[in-house]
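Trainee: The structure that follows is given in the form of C-alpha cells.
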Amino acid sequence: MREEYTGKILAGYQRAEVGQVLIDQKPVQTNGFCPVQLIYQHPELAVNPRWKMEKTLRECWDPDEEVLRCFGIEKDWLKRWPRELSGGELQRFCIVRLLSPKTKFLICDEITTMLDVISQAQIWNRLLMLSEERSYGMVIVTHNMELAKRVCTRIIDLREINRR
C-alpha cells in the first residue's frame, strides 16, 4: 500500500478495502469539514487555478493576521492567482487553509520537500507549536529520516515493516 493511498484513506478521500478509520469512536466525516486534513507535496495540484488566493485560503476557515504572519504569507499575495506565486508561497497557503480550529489531525505528505531548508524549518517549527497549542495530531509522511527524527515523537519505518 502506498503512503499517498493511506493518507487519502485517513483523510476520508478514499474508502479502506478493509477496516475503518474512527475519530472518537465515530467514522471519519466525509461530508462537510473533515477533522482529518491532508496536505499534499504538490500545492499546485491542491488549489483551484480559477480562484484567487484569498478565496482559496478562506475556503475552510478565516485565519487571522497572526497566523498568516507566522507562516510568512504577505497580504498582497491574497489578491494573486496561484500561478503568480512560487511553489513555497503556494504551499504556505495550502498549509494555513487546513489549520481550522475544527482540525484534529494533519496528514503531512512530504509538505516541505520542495522548499529551501530555512523555509522548511520555519514551517515545521510553527506547525509543531500550533499542534501543541491546539492539541491536534500529525502524521508525517517523509523519506527524510533526519526530518522525522526532529519533528516526530514516534517513527514507524515502513521499510522495516515491509521486510517482514
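Labels used: A, B, ... for chains in the order of the C-alpha cells, numbers from 1 for residues in each chain, and numbers from 1 for ligands as shown.
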Please identify all polymer residues within 10 Å of Thr30 in chain A, counting only C-alpha atoms, omitting same-chain residues fewer than 6 positions from it, and present them as a compact mmCIF listing (two decimals) with C-alpha atoms, in the first residue's frame.
Mentor:
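What landed in part_9.txt:
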# COMPACT_ATOMS: atom_id res chain seq x y z
CA ALA A 11 -8.46 11.84 5.48
CA GLY A 12 -11.67 10.27 4.19
CA TYR A 13 -10.94 10.83 0.48
CA GLN A 14 -10.91 7.10 -0.25
CA ARG A 15 -12.56 4.15 1.46
CA VAL A 36 -8.55 14.98 9.37
Trainee: Could you find all residues in chain A that DSSP calls strand (DSSP E or B) from the backbone, and write them as a ChimeraX atom specification?
Mentor: /A:22-23,26-27,36-39,105-109,137-141
Trainee: Keeping C-alpha atoms for every residue in the selection just given, could you write it to a file as a JSON list (two decimals), in the first residue's frame?
Mentor:
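The new file part-v7.json reads:
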[["chain", "number", "residue", "atom", "x", "y", "z"],
["A", 22, "LEU", "CA", -12.52, 6.28, 13.50],
["A", 23, "ILE", "CA", -12.15, 9.51, 15.44],
["A", 26, "LYS", "CA", -17.03, 7.57, 15.05],
["A", 27, "PRO", "CA", -16.25, 7.15, 11.33],
["A", 36, "VAL", "CA", -8.55, 14.98, 9.37],
["A", 37, "GLN", "CA", -6.84, 17.18, 6.79],
["A", 38, "LEU", "CA", -4.31, 16.05, 4.18],
["A", 39, "ILE", "CA", -1.57, 18.42, 2.98],
["A", 105, "PHE", "CA", -5.28, 15.69, 12.70],
["A", 106, "LEU", "CA", -2.98, 16.82, 9.89],
["A", 107, "ILE", "CA", -1.51, 14.33, 7.49],
["A", 108, "CYS", "CA", 1.63, 15.95, 6.11],
["A", 109, "ASP", "CA", 2.78, 14.15, 2.96],
["A", 137, "GLY", "CA", -2.09, 15.29, 15.99],
["A", 138, "MET", "CA", 0.10, 14.98, 12.93],
["A", 139, "VAL", "CA", 1.03, 12.05, 10.76],
["A", 140, "ILE", "CA", 4.22, 12.88, 8.89],
["A", 141, "VAL", "CA", 4.95, 11.01, 5.65]]
Trainee: Neighbouring residues of Lys55 in chain A were defined as those with any atom within 12 Å, considering only C-alpha atoms; residues of the same chain fewer than 6 positions away were excluded. Please report them as a list in words.
Mentor: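 Skipping anything fewer than 6 positions along the chain leaves Val47, Asn48, Pro49, Trp61, Asp62, Pro63, Trp77, Leu78, Lys79, Arg80, Trp81, Pro82, Phe93, Cys94 and Arg97 of chain A.
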Trainee: In terms of the shortest atom-to-atom distance over only C-alpha atoms, which of A:Leu127, A:Met145, A:Leu115, A:Leu90 is closest to Glu44 in chain A?
Mentor: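 Counting only C-alpha atoms, the residue closest to Glu44 in chain A is A:Leu90.
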Trainee: Counting only C-alpha atoms, what are the residues of range 88-112 of chain A within 9 Å of range 71-76 of chain A, and for each of them which pair of atoms is the nearest and at what distance in Å, to one decimal? Sort the table by chain and rising number, as CSV.
Mentor:
residue,atom,partner,partner_atom,distance
A:Glu89,CA,A:Ile73,CA,7.2
A:Arg92,CA,A:Phe71,CA,6.3
A:Phe93,CA,A:Ile73,CA,7.4
A:Ile95,CA,A:Phe71,CA,8.8
A:Val96,CA,A:Phe71,CA,7.5
Trainee: What does the distance between CA of Leu85 in chain A and CA of Gln120 in chain A come to in Å, to one decimal place?
Mentor: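 These atoms are spaced 17.1 Å apart.
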Trainee: Given the choices A:Ala121, A:Leu99, A:Arg83, A:Ser131, which gets closest to Lys52 in chain A if the distance is worked out from only C-alpha atoms?
Mentor: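 Counting only C-alpha atoms, the residue closest to Lys52 in chain A is A:Arg83.
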Trainee: From a DSSP calculation on the backbone, collect every residue of range 10-74 of chain A in helix (DSSP H, G or I) and output the set as a VMD selection string.
Mentor: chain A and resid 10 43 to 45 53 to 57 65 to 70
Trainee: Point out the residue among A:Gln25, A:Lys149, A:Leu98, A:Cys70 with the least atom-to-atom distance to Asn125 in chain A, counting only C-alpha atoms.
Mentor: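 Residue with the minimum atom-to-atom distance to Asn125 in chain A: A:Cys70.
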